[in-house]
>>> print(open('input_14.cif').read())   # mmCIF, N, CA and C atoms
data_data
loop_
_atom_site.label_atom_id
_atom_site.label_comp_id
_atom_site.auth_asym_id
_atom_site.auth_seq_id
_atom_site.Cartn_x
_atom_site.Cartn_y
_atom_site.Cartn_z
N MET A 1 90.17 70.12 108.63
CA MET A 1 89.99 69.90 107.22
C MET A 1 91.33 70.04 106.50
N THR A 2 92.25 69.19 106.78
CA THR A 2 93.54 69.25 106.10
C THR A 2 93.38 68.81 104.65
N THR A 3 94.04 69.54 103.77
CA THR A 3 94.05 69.19 102.35
C THR A 3 95.50 69.10 101.91
N THR A 4 95.72 68.42 100.83
CA THR A 4 97.07 68.29 100.32
C THR A 4 97.20 69.12 99.05
N ARG A 5 98.12 70.05 99.07
CA ARG A 5 98.42 70.87 97.90
C ARG A 5 99.51 70.17 97.10
N PRO A 6 99.52 70.38 95.79
CA PRO A 6 100.66 69.87 95.04
C PRO A 6 101.93 70.59 95.49
N SER A 7 103.03 69.91 95.39
CA SER A 7 104.31 70.51 95.76
C SER A 7 105.31 70.24 94.64
N THR A 8 105.43 71.21 93.76
CA THR A 8 106.30 71.08 92.59
C THR A 8 107.76 71.18 93.02
N PRO A 9 108.58 70.19 92.67
CA PRO A 9 110.00 70.27 93.04
C PRO A 9 110.74 71.32 92.22
N ASP A 10 111.82 71.84 92.77
CA ASP A 10 112.67 72.76 92.03
C ASP A 10 113.24 72.03 90.81
N ARG A 11 113.49 72.78 89.73
CA ARG A 11 113.99 72.19 88.49
C ARG A 11 115.27 72.92 88.09
N THR A 12 116.31 72.15 87.81
CA THR A 12 117.56 72.72 87.31
C THR A 12 117.48 72.78 85.79
N ASN A 13 117.67 73.96 85.24
CA ASN A 13 117.59 74.18 83.80
C ASN A 13 118.91 73.84 83.12
N PRO A 14 118.90 73.62 81.81
CA PRO A 14 120.13 73.28 81.08
C PRO A 14 121.25 74.33 81.25
N ASP A 15 120.88 75.61 81.47
CA ASP A 15 121.91 76.64 81.63
C ASP A 15 122.41 76.75 83.06
N GLY A 16 121.95 75.86 83.94
CA GLY A 16 122.42 75.84 85.32
C GLY A 16 121.57 76.64 86.29
N THR A 17 120.61 77.43 85.79
CA THR A 17 119.71 78.17 86.68
C THR A 17 118.66 77.23 87.25
N THR A 18 117.98 77.69 88.28
CA THR A 18 116.95 76.87 88.92
C THR A 18 115.61 77.55 88.79
N THR A 19 114.59 76.79 88.42
CA THR A 19 113.21 77.28 88.36
C THR A 19 112.48 76.72 89.57
N ILE A 20 111.79 77.61 90.29
CA ILE A 20 111.06 77.17 91.47
C ILE A 20 109.59 77.54 91.33
N LYS A 21 108.76 76.84 92.04
CA LYS A 21 107.34 77.18 92.17
C LYS A 21 107.18 77.72 93.58
N MET A 22 106.60 78.92 93.70
CA MET A 22 106.44 79.53 95.01
C MET A 22 105.59 78.63 95.91
N LYS A 23 105.97 78.55 97.16
CA LYS A 23 105.28 77.69 98.13
C LYS A 23 104.47 78.53 99.11
N ARG A 24 103.46 77.91 99.69
CA ARG A 24 102.62 78.55 100.70
C ARG A 24 102.92 77.92 102.04
N ALA A 25 103.07 78.75 103.04
CA ALA A 25 103.31 78.29 104.40
C ALA A 25 102.07 78.53 105.25
N CYS A 26 101.90 77.73 106.27
CA CYS A 26 100.80 77.90 107.22
C CYS A 26 100.98 79.23 107.93
N ASN A 27 99.91 80.01 108.03
CA ASN A 27 100.03 81.29 108.74
C ASN A 27 99.94 81.11 110.25
N GLY A 28 99.84 79.87 110.73
CA GLY A 28 99.86 79.60 112.16
C GLY A 28 101.25 79.20 112.63
N CYS A 29 101.81 78.14 112.02
CA CYS A 29 103.08 77.60 112.49
C CYS A 29 104.23 77.77 111.50
N GLY A 30 103.93 78.13 110.24
CA GLY A 30 104.97 78.34 109.25
C GLY A 30 105.35 77.10 108.46
N GLU A 31 104.72 75.97 108.73
CA GLU A 31 105.02 74.75 107.98
C GLU A 31 104.66 74.93 106.51
N ARG A 32 105.53 74.46 105.62
CA ARG A 32 105.25 74.55 104.18
C ARG A 32 104.13 73.58 103.82
N LEU A 33 103.12 74.11 103.10
CA LEU A 33 101.96 73.30 102.76
C LEU A 33 101.97 72.82 101.32
N GLY A 34 102.71 73.47 100.44
CA GLY A 34 102.74 73.12 99.03
C GLY A 34 102.73 74.37 98.18
N ASP A 35 102.40 74.20 96.90
CA ASP A 35 102.42 75.30 95.94
C ASP A 35 101.38 76.36 96.26
N ILE A 36 101.72 77.60 95.99
CA ILE A 36 100.78 78.71 96.13
C ILE A 36 99.75 78.60 95.00
N THR A 37 98.51 78.97 95.27
CA THR A 37 97.48 78.94 94.23
C THR A 37 97.53 80.22 93.40
N ASP A 38 96.89 80.19 92.22
CA ASP A 38 96.83 81.39 91.38
C ASP A 38 96.13 82.52 92.11
N GLU A 39 95.07 82.21 92.85
CA GLU A 39 94.33 83.23 93.62
C GLU A 39 95.23 83.85 94.69
N GLU A 40 96.01 83.05 95.39
CA GLU A 40 96.92 83.57 96.41
C GLU A 40 98.00 84.44 95.77
N MET A 41 98.49 84.04 94.61
CA MET A 41 99.50 84.84 93.91
C MET A 41 98.90 86.19 93.50
N ALA A 42 97.67 86.18 92.99
CA ALA A 42 97.02 87.44 92.60
C ALA A 42 96.87 88.36 93.81
N ARG A 43 96.49 87.80 94.96
CA ARG A 43 96.35 88.60 96.17
C ARG A 43 97.69 89.20 96.59
N ALA A 44 98.74 88.39 96.57
CA ALA A 44 100.06 88.87 96.98
C ALA A 44 100.55 89.99 96.07
N ILE A 45 100.39 89.81 94.77
CA ILE A 45 100.84 90.81 93.80
C ILE A 45 100.11 92.13 94.01
N ASN A 46 98.83 92.05 94.39
CA ASN A 46 98.01 93.25 94.54
C ASN A 46 97.95 93.77 95.97
N GLY A 47 98.81 93.25 96.85
CA GLY A 47 98.90 93.75 98.22
C GLY A 47 97.67 93.45 99.07
N LEU A 48 96.97 92.37 98.75
CA LEU A 48 95.77 91.99 99.49
C LEU A 48 96.11 90.88 100.48
N PRO A 49 95.31 90.74 101.54
CA PRO A 49 95.61 89.68 102.51
C PRO A 49 95.42 88.30 101.91
N LEU A 50 96.31 87.39 102.29
CA LEU A 50 96.17 86.00 101.86
C LEU A 50 95.15 85.31 102.76
N PRO A 51 94.46 84.31 102.23
CA PRO A 51 93.50 83.60 103.07
C PRO A 51 94.21 82.83 104.19
N ASP A 52 93.50 82.64 105.28
CA ASP A 52 93.99 81.86 106.42
C ASP A 52 93.98 80.39 106.00
N VAL A 53 95.14 79.73 106.06
CA VAL A 53 95.23 78.34 105.63
C VAL A 53 95.53 77.38 106.78
N ARG A 54 95.30 77.83 108.00
CA ARG A 54 95.59 76.96 109.14
C ARG A 54 94.79 75.66 109.10
N GLN A 55 93.59 75.68 108.51
CA GLN A 55 92.79 74.46 108.43
C GLN A 55 93.35 73.46 107.43
N GLU A 56 94.30 73.88 106.58
CA GLU A 56 94.97 72.97 105.65
C GLU A 56 96.20 72.32 106.27
N CYS A 57 96.65 72.83 107.40
CA CYS A 57 97.91 72.42 108.00
C CYS A 57 97.70 71.21 108.91
N PRO A 58 98.53 70.17 108.75
CA PRO A 58 98.38 69.00 109.62
C PRO A 58 98.62 69.32 111.09
N THR A 59 99.46 70.30 111.37
CA THR A 59 99.75 70.67 112.76
C THR A 59 98.67 71.56 113.35
N CYS A 60 98.22 72.55 112.61
CA CYS A 60 97.29 73.56 113.14
C CYS A 60 95.81 73.21 112.96
N ALA A 61 95.48 72.34 112.00
CA ALA A 61 94.08 72.07 111.66
C ALA A 61 93.20 71.68 112.85
N PRO A 62 93.69 70.84 113.76
CA PRO A 62 92.80 70.41 114.86
C PRO A 62 92.29 71.56 115.74
N THR A 63 93.06 72.63 115.83
CA THR A 63 92.64 73.75 116.69
C THR A 63 92.42 75.05 115.91
N ALA A 64 92.49 74.98 114.58
CA ALA A 64 92.37 76.18 113.76
C ALA A 64 90.95 76.74 113.80
N PRO A 65 90.81 78.05 114.03
CA PRO A 65 89.48 78.66 114.00
C PRO A 65 88.99 78.79 112.56
N THR A 66 87.72 79.02 112.41
CA THR A 66 87.17 79.33 111.09
C THR A 66 87.80 80.63 110.62
N PRO A 67 88.31 80.68 109.38
CA PRO A 67 88.93 81.93 108.90
C PRO A 67 87.94 83.09 108.99
N ARG A 68 88.42 84.23 109.47
CA ARG A 68 87.52 85.38 109.62
C ARG A 68 87.57 86.27 108.39
N CYS A 69 86.47 86.91 108.14
CA CYS A 69 86.36 87.84 107.01
C CYS A 69 87.08 89.14 107.34
N LEU A 70 87.64 89.76 106.31
CA LEU A 70 88.36 91.02 106.47
C LEU A 70 87.82 92.06 105.51
N PRO A 71 87.44 93.24 106.00
CA PRO A 71 86.99 94.28 105.08
C PRO A 71 88.19 94.92 104.38
N THR A 72 88.00 95.26 103.11
CA THR A 72 89.02 96.00 102.38
C THR A 72 88.32 96.91 101.39
N LYS A 73 88.94 98.03 101.08
CA LYS A 73 88.35 98.99 100.14
C LYS A 73 88.89 98.73 98.74
N ILE A 74 87.99 98.80 97.77
CA ILE A 74 88.38 98.69 96.37
C ILE A 74 87.78 99.86 95.61
N LEU A 75 88.32 100.15 94.46
CA LEU A 75 87.72 101.14 93.57
C LEU A 75 86.84 100.40 92.59
N ALA A 76 85.66 100.93 92.34
CA ALA A 76 84.70 100.30 91.43
C ALA A 76 84.23 101.31 90.41
N GLY A 77 83.83 100.81 89.25
CA GLY A 77 83.32 101.67 88.19
C GLY A 77 83.67 101.09 86.83
N ASP A 78 83.34 101.83 85.80
CA ASP A 78 83.63 101.42 84.43
C ASP A 78 85.14 101.27 84.25
N MET A 79 85.55 100.27 83.49
CA MET A 79 86.98 100.00 83.30
C MET A 79 87.72 101.20 82.74
N LEU A 80 87.15 101.92 81.78
CA LEU A 80 87.82 103.10 81.24
C LEU A 80 87.99 104.18 82.31
N CYS A 81 87.00 104.31 83.18
CA CYS A 81 87.10 105.29 84.26
C CYS A 81 88.19 104.88 85.25
N LEU A 82 88.26 103.59 85.57
CA LEU A 82 89.29 103.10 86.50
C LEU A 82 90.69 103.24 85.91
N ASP A 83 90.80 103.11 84.60
CA ASP A 83 92.09 103.26 83.93
C ASP A 83 92.41 104.72 83.62
N ALA A 84 91.54 105.65 84.06
CA ALA A 84 91.69 107.09 83.82
C ALA A 84 91.78 107.39 82.33
N GLU A 85 91.03 106.63 81.52
CA GLU A 85 91.01 106.84 80.08
C GLU A 85 89.62 107.22 79.59
N CYS A 86 88.75 107.62 80.48
CA CYS A 86 87.40 107.99 80.08
C CYS A 86 87.37 109.46 79.65
N ASP A 87 86.25 109.88 79.13
CA ASP A 87 86.15 111.28 78.69
C ASP A 87 85.19 112.08 79.58
N HIS A 88 85.00 111.62 80.83
CA HIS A 88 84.11 112.33 81.76
C HIS A 88 84.83 113.50 82.41
N GLU A 89 84.05 114.48 82.81
CA GLU A 89 84.60 115.63 83.53
C GLU A 89 84.88 115.25 84.98
N HIS A 90 85.87 115.89 85.56
CA HIS A 90 86.20 115.71 86.97
C HIS A 90 85.64 116.92 87.71
N SER A 91 84.61 116.69 88.53
CA SER A 91 83.94 117.81 89.18
C SER A 91 84.71 118.36 90.37
N ALA A 92 85.63 117.58 90.93
CA ALA A 92 86.30 118.02 92.17
C ALA A 92 87.79 118.26 91.97
N GLU A 93 88.21 118.63 90.78
CA GLU A 93 89.63 118.86 90.56
C GLU A 93 90.15 119.93 91.50
N GLY A 94 91.29 119.65 92.06
CA GLY A 94 91.90 120.59 93.01
C GLY A 94 91.47 120.35 94.44
N SER A 95 90.64 119.34 94.69
CA SER A 95 90.21 119.07 96.06
C SER A 95 91.30 118.32 96.81
N ALA A 96 91.10 118.16 98.11
CA ALA A 96 92.08 117.45 98.93
C ALA A 96 91.95 115.94 98.81
N ASP A 97 90.88 115.44 98.19
CA ASP A 97 90.63 114.01 98.07
C ASP A 97 91.37 113.47 96.85
N PRO A 98 92.41 112.59 97.05
CA PRO A 98 93.18 112.10 95.90
C PRO A 98 92.35 111.26 94.94
N ILE A 99 91.33 110.57 95.42
CA ILE A 99 90.49 109.78 94.52
C ILE A 99 89.73 110.72 93.60
N GLU A 100 89.18 111.79 94.15
CA GLU A 100 88.44 112.75 93.33
C GLU A 100 89.36 113.46 92.34
N ASP A 101 90.63 113.65 92.72
CA ASP A 101 91.57 114.32 91.82
C ASP A 101 91.98 113.46 90.64
N SER A 102 92.05 112.13 90.82
CA SER A 102 92.62 111.30 89.78
C SER A 102 91.59 110.50 88.98
N TYR A 103 90.35 110.44 89.44
CA TYR A 103 89.33 109.67 88.74
C TYR A 103 88.11 110.53 88.45
N CYS A 104 87.31 110.09 87.48
CA CYS A 104 86.07 110.81 87.19
C CYS A 104 85.03 110.52 88.26
N ASP A 105 83.90 111.19 88.17
CA ASP A 105 82.84 111.05 89.17
C ASP A 105 82.20 109.67 89.17
N GLU A 106 82.47 108.85 88.16
CA GLU A 106 81.84 107.54 88.08
C GLU A 106 82.66 106.44 88.76
N VAL A 107 83.78 106.79 89.38
CA VAL A 107 84.57 105.85 90.16
C VAL A 107 84.21 106.04 91.62
N ARG A 108 84.00 104.94 92.31
CA ARG A 108 83.61 105.02 93.72
C ARG A 108 84.41 103.99 94.53
N GLU A 109 84.53 104.25 95.82
CA GLU A 109 85.14 103.30 96.73
C GLU A 109 84.05 102.40 97.29
N GLU A 110 84.32 101.10 97.36
CA GLU A 110 83.40 100.16 97.97
C GLU A 110 84.16 99.32 98.98
N THR A 111 83.49 98.90 100.03
CA THR A 111 84.09 98.00 100.99
C THR A 111 83.59 96.59 100.69
N VAL A 112 84.53 95.66 100.55
CA VAL A 112 84.21 94.27 100.24
C VAL A 112 84.92 93.37 101.24
N CYS A 113 84.53 92.09 101.28
CA CYS A 113 85.24 91.11 102.09
C CYS A 113 86.47 90.67 101.31
N ALA A 114 87.64 90.94 101.85
CA ALA A 114 88.89 90.62 101.16
C ALA A 114 89.10 89.11 101.02
N ILE A 115 88.53 88.34 101.91
CA ILE A 115 88.73 86.90 101.89
C ILE A 115 87.83 86.21 100.85
N HIS A 116 86.60 86.66 100.71
CA HIS A 116 85.66 86.00 99.81
C HIS A 116 85.49 86.70 98.46
N THR A 117 86.23 87.77 98.22
CA THR A 117 86.25 88.43 96.91
C THR A 117 87.43 87.84 96.14
N ALA A 118 87.21 87.53 94.86
CA ALA A 118 88.27 86.94 94.04
C ALA A 118 88.88 88.01 93.14
N PHE A 119 90.20 87.97 93.01
CA PHE A 119 90.95 88.95 92.22
C PHE A 119 91.78 88.25 91.17
N SER A 120 91.94 88.90 90.01
CA SER A 120 92.83 88.37 88.98
C SER A 120 94.22 88.94 89.21
N ILE A 121 95.18 88.44 88.46
CA ILE A 121 96.58 88.89 88.61
C ILE A 121 96.71 90.40 88.43
N ASP A 122 95.91 91.00 87.53
CA ASP A 122 96.02 92.44 87.30
C ASP A 122 95.25 93.29 88.31
N GLY A 123 94.64 92.64 89.31
CA GLY A 123 93.96 93.39 90.38
C GLY A 123 92.48 93.60 90.17
N THR A 124 91.94 93.21 89.02
CA THR A 124 90.50 93.37 88.82
C THR A 124 89.76 92.29 89.61
N THR A 125 88.56 92.62 90.02
CA THR A 125 87.77 91.65 90.78
C THR A 125 87.03 90.73 89.81
N THR A 126 87.07 89.44 90.10
CA THR A 126 86.33 88.47 89.29
C THR A 126 85.08 88.00 90.02
N HIS A 127 85.03 88.23 91.31
CA HIS A 127 83.84 87.98 92.13
C HIS A 127 83.90 88.95 93.31
N VAL A 128 82.82 89.66 93.57
CA VAL A 128 82.79 90.63 94.67
C VAL A 128 81.83 90.13 95.75
N GLU A 129 82.34 90.08 96.97
CA GLU A 129 81.50 89.75 98.13
C GLU A 129 81.38 91.02 98.96
N PRO A 130 80.20 91.67 98.96
CA PRO A 130 80.03 92.93 99.69
C PRO A 130 80.27 92.78 101.20
N TRP A 131 80.55 93.91 101.81
CA TRP A 131 80.74 93.97 103.26
C TRP A 131 79.49 94.58 103.87
N PRO A 132 78.95 94.10 104.96
CA PRO A 132 79.46 92.97 105.75
C PRO A 132 79.25 91.65 105.04
N CYS A 133 80.24 90.76 105.17
CA CYS A 133 80.23 89.48 104.48
C CYS A 133 79.20 88.54 105.12
N LYS A 134 78.55 87.76 104.30
CA LYS A 134 77.53 86.81 104.77
C LYS A 134 78.11 85.42 105.05
N HIS A 135 79.41 85.21 104.71
CA HIS A 135 80.00 83.88 104.87
C HIS A 135 80.30 83.54 106.33
N THR A 136 81.06 84.39 107.01
CA THR A 136 81.40 84.16 108.42
C THR A 136 81.37 85.48 109.16
N ALA A 137 81.34 85.40 110.45
CA ALA A 137 81.32 86.61 111.26
C ALA A 137 82.67 87.32 111.18
N ALA A 138 82.63 88.65 111.15
CA ALA A 138 83.87 89.43 111.07
C ALA A 138 84.50 89.54 112.44
#
>>> encode(input="input_14.cif", output="structure tokens")
Amino acid sequence: MTTTRPSTPDRTNPDGTTTIKMKRACNGCGERLGDITDEEMARAINGLPLPDVRQECPTCAPTAPTPRCLPTKILAGDMLCLDAECDHEHSAEGSADPIEDSYCDEVREETVCAIHTAFSIDGTTTHVEPWPCKHTAA
């Protein structure tokens, strides 16, 4: 299932500097496929795994496996609680658990599929796919 991504050329600015659009390479062979997507940029900024794009690559697509799901942990809860700006009491202050030390009791860790969960640039989830993922086998 090869697809063609746009490939924005580098642009020379009037002051002599160059503006570039970040490119995505195949994670199989390293061939440049085109511009990185907003979703891929959000994942990279937030230290999350990038999706497997071997099926987009003209070289790797014929033998590329179905991308596998990856579990990852996220923090979930009310936005004020996640931003540590809520007015809730912390019941476990002084414990060895850093999550309990820095967040209120209404923040929890959840395991989600890193590949099928969508993230915005600031790291918030815009779509959550629980683990185990129902899309493909892990």
>>> select_by_dssp(input="input_14.cif", residues="stretch 32-118 of chain A", states="strand (DSSP E)", output="list in words")
Arg32, Leu33, Gly34, Asp35, Pro71, Thr72, Lys73, Ile74, Leu75, Ala76, Arg108, Glu109, Glu110, Thr111, Val112, Cys113 and Ala118 of chain A
>>> resolve_selection(input="input_14.cif", expression="the PyMOL selection byres ((chain A and resi 45-61) around 7)", output="compact mmCIF listing (two decimals) with N, CA and C atoms, in the frame of the given file")
# COMPACT_ATOMS: atom_id res chain seq x y z
N MET A 1 90.17 70.12 108.63
CA MET A 1 89.99 69.90 107.22
C MET A 1 91.33 70.04 106.50
N THR A 2 92.25 69.19 106.78
CA THR A 2 93.54 69.25 106.10
C THR A 2 93.38 68.81 104.65
N THR A 3 94.04 69.54 103.77
CA THR A 3 94.05 69.19 102.35
C THR A 3 95.50 69.10 101.91
N THR A 4 95.72 68.42 100.83
CA THR A 4 97.07 68.29 100.32
C THR A 4 97.20 69.12 99.05
N ALA A 25 103.07 78.75 103.04
CA ALA A 25 103.31 78.29 104.40
C ALA A 25 102.07 78.53 105.25
N CYS A 26 101.90 77.73 106.27
CA CYS A 26 100.80 77.90 107.22
C CYS A 26 100.98 79.23 107.93
N ASN A 27 99.91 80.01 108.03
CA ASN A 27 100.03 81.29 108.74
C ASN A 27 99.94 81.11 110.25
N GLY A 28 99.84 79.87 110.73
CA GLY A 28 99.86 79.60 112.16
C GLY A 28 101.25 79.20 112.63
N CYS A 29 101.81 78.14 112.02
CA CYS A 29 103.08 77.60 112.49
C CYS A 29 104.23 77.77 111.50
N LEU A 33 103.12 74.11 103.10
CA LEU A 33 101.96 73.30 102.76
C LEU A 33 101.97 72.82 101.32
N GLU A 40 96.01 83.05 95.39
CA GLU A 40 96.92 83.57 96.41
C GLU A 40 98.00 84.44 95.77
N MET A 41 98.49 84.04 94.61
CA MET A 41 99.50 84.84 93.91
C MET A 41 98.90 86.19 93.50
N ALA A 42 97.67 86.18 92.99
CA ALA A 42 97.02 87.44 92.60
C ALA A 42 96.87 88.36 93.81
N ARG A 43 96.49 87.80 94.96
CA ARG A 43 96.35 88.60 96.17
C ARG A 43 97.69 89.20 96.59
N ALA A 44 98.74 88.39 96.57
CA ALA A 44 100.06 88.87 96.98
C ALA A 44 100.55 89.99 96.07
N PRO A 62 93.69 70.84 113.76
CA PRO A 62 92.80 70.41 114.86
C PRO A 62 92.29 71.56 115.74
N THR A 63 93.06 72.63 115.83
CA THR A 63 92.64 73.75 116.69
C THR A 63 92.42 75.05 115.91
N ALA A 64 92.49 74.98 114.58
CA ALA A 64 92.37 76.18 113.76
C ALA A 64 90.95 76.74 113.80
N PRO A 65 90.81 78.05 114.03
CA PRO A 65 89.48 78.66 114.00
C PRO A 65 88.99 78.79 112.56
N PRO A 67 88.31 80.68 109.38
CA PRO A 67 88.93 81.93 108.90
C PRO A 67 87.94 83.09 108.99
N ARG A 68 88.42 84.23 109.47
CA ARG A 68 87.52 85.38 109.62
C ARG A 68 87.57 86.27 108.39
N ALA A 114 87.64 90.94 101.85
CA ALA A 114 88.89 90.62 101.16
C ALA A 114 89.10 89.11 101.02
N ILE A 115 88.53 88.34 101.91
CA ILE A 115 88.73 86.90 101.89
C ILE A 115 87.83 86.21 100.85
N ILE A 121 95.18 88.44 88.46
CA ILE A 121 96.58 88.89 88.61
C ILE A 121 96.71 90.40 88.43
N ASP A 122 95.91 91.00 87.53
CA ASP A 122 96.02 92.44 87.30
C ASP A 122 95.25 93.29 88.31
N GLY A 123 94.64 92.64 89.31
CA GLY A 123 93.96 93.39 90.38
C GLY A 123 92.48 93.60 90.17
>>> resolve_selection(input="input_14.cif", expression="the PyMOL selection byres ((chain A and resi 116) around 8)", output="ChimeraX atom specification")
/A:51,68-70,112-115,117-119,127-130,133,135
>>> atom_distance(input="input_14.cif", atom1="atom CA of A:Glu31", atom2="atom N of A:Thr18")
23.8 Å
>>> atom_distance(input="input_14.cif", atom1="atom N of A:Lys134", atom2="atom N of A:Asp78")
23.7 Å
>>> select_by_dssp(input="input_14.cif", residues="stretch 56-92 of chain A", states="helix (DSSP H, G or I)", output="MDAnalysis selection string")
chainID A and resid 56 61:63 79:82
>>> residues_near_point(input="input_14.cif", point="(97.7, 73.9, 95.2)", cutoff="6 Å", atoms="only C-alpha atoms", output="ChimeraX atom specification")
/A:5-6,35-37
>>> residues_around(input="input_14.cif", residues="stretch 84-89 of chain A", least_positions_apart="5", cutoff="6.5 Å", atoms="only N, CA and C atoms", output="number ranges by chain")
A: 79, 102-105
>>> atom_distance(input="input_14.cif", atom1="atom C of A:Thr66", atom2="atom C of A:Lys21")
26.0 Å
>>> decode(input="input_14.cif", residues="stretch 113-120 of chain A", atoms="all heavy atoms", output="mmCIF file, in the first residue's frame")
data_model
loop_
_atom_site.group_PDB
_atom_site.id
_atom_site.type_symbol
_atom_site.label_atom_id
_atom_site.label_comp_id
_atom_site.auth_asym_id
_atom_site.auth_seq_id
_atom_site.Cartn_x
_atom_site.Cartn_y
_atom_site.Cartn_z
ATOM 1 N N CYS A 113 -2.657 1.934 23.384
ATOM 2 C CA CYS A 113 -1.895 1.574 22.195
ATOM 3 C C CYS A 113 -1.253 2.846 21.657
ATOM 4 O O CYS A 113 -1.959 3.778 21.251
ATOM 5 C CB CYS A 113 -2.806 0.948 21.142
ATOM 6 S SG CYS A 113 -1.933 0.643 19.586
ATOM 7 N N ALA A 114 0.063 2.896 21.650
ATOM 8 C CA ALA A 114 0.777 4.095 21.208
ATOM 9 C C ALA A 114 0.571 4.375 19.723
ATOM 10 O O ALA A 114 0.621 5.517 19.299
ATOM 11 C CB ALA A 114 2.267 3.946 21.493
ATOM 12 N N ILE A 115 0.305 3.350 18.951
ATOM 13 C CA ILE A 115 0.166 3.517 17.509
ATOM 14 C C ILE A 115 -1.222 4.044 17.126
ATOM 15 O O ILE A 115 -1.362 4.874 16.245
ATOM 16 C CB ILE A 115 0.464 2.194 16.776
ATOM 17 C CG1 ILE A 115 1.893 1.729 17.093
ATOM 18 C CG2 ILE A 115 0.235 2.308 15.275
ATOM 19 C CD1 ILE A 115 2.979 2.742 16.778
ATOM 20 N N HIS A 116 -2.264 3.594 17.797
ATOM 21 C CA HIS A 116 -3.623 3.983 17.433
ATOM 22 C C HIS A 116 -4.215 5.070 18.321
ATOM 23 O O HIS A 116 -5.372 5.437 18.159
ATOM 24 C CB HIS A 116 -4.527 2.741 17.410
ATOM 25 C CG HIS A 116 -4.139 1.805 16.322
ATOM 26 N ND1 HIS A 116 -3.484 0.620 16.571
ATOM 27 C CD2 HIS A 116 -4.273 1.889 14.983
ATOM 28 C CE1 HIS A 116 -3.245 0.011 15.428
ATOM 29 N NE2 HIS A 116 -3.718 0.770 14.444
ATOM 30 N N THR A 117 -3.453 5.588 19.274
ATOM 31 C CA THR A 117 -3.878 6.731 20.080
ATOM 32 C C THR A 117 -3.317 7.980 19.407
ATOM 33 O O THR A 117 -2.173 7.989 18.966
ATOM 34 C CB THR A 117 -3.358 6.611 21.522
ATOM 35 O OG1 THR A 117 -3.967 5.465 22.126
ATOM 36 C CG2 THR A 117 -3.676 7.832 22.351
ATOM 37 N N ALA A 118 -4.139 9.023 19.304
ATOM 38 C CA ALA A 118 -3.703 10.266 18.654
ATOM 39 C C ALA A 118 -3.342 11.304 19.712
ATOM 40 O O ALA A 118 -4.021 11.422 20.728
ATOM 41 C CB ALA A 118 -4.807 10.797 17.749
ATOM 42 N N PHE A 119 -2.262 12.031 19.458
ATOM 43 C CA PHE A 119 -1.751 13.034 20.391
ATOM 44 C C PHE A 119 -1.638 14.379 19.699
ATOM 45 O O PHE A 119 -1.326 14.456 18.525
ATOM 46 C CB PHE A 119 -0.359 12.630 20.897
ATOM 47 C CG PHE A 119 -0.345 11.327 21.633
ATOM 48 C CD1 PHE A 119 -0.154 10.134 20.961
ATOM 49 C CD2 PHE A 119 -0.533 11.294 23.001
ATOM 50 C CE1 PHE A 119 -0.146 8.926 21.641
ATOM 51 C CE2 PHE A 119 -0.529 10.092 23.686
ATOM 52 C CZ PHE A 119 -0.338 8.899 23.000
ATOM 53 N N SER A 120 -1.875 15.453 20.462
ATOM 54 C CA SER A 120 -1.672 16.797 19.921
ATOM 55 C C SER A 120 -0.230 17.214 20.208
ATOM 56 O O SER A 120 0.485 16.534 20.945
ATOM 57 C CB SER A 120 -2.658 17.780 20.556
ATOM 58 O OG SER A 120 -2.378 17.914 21.930
#
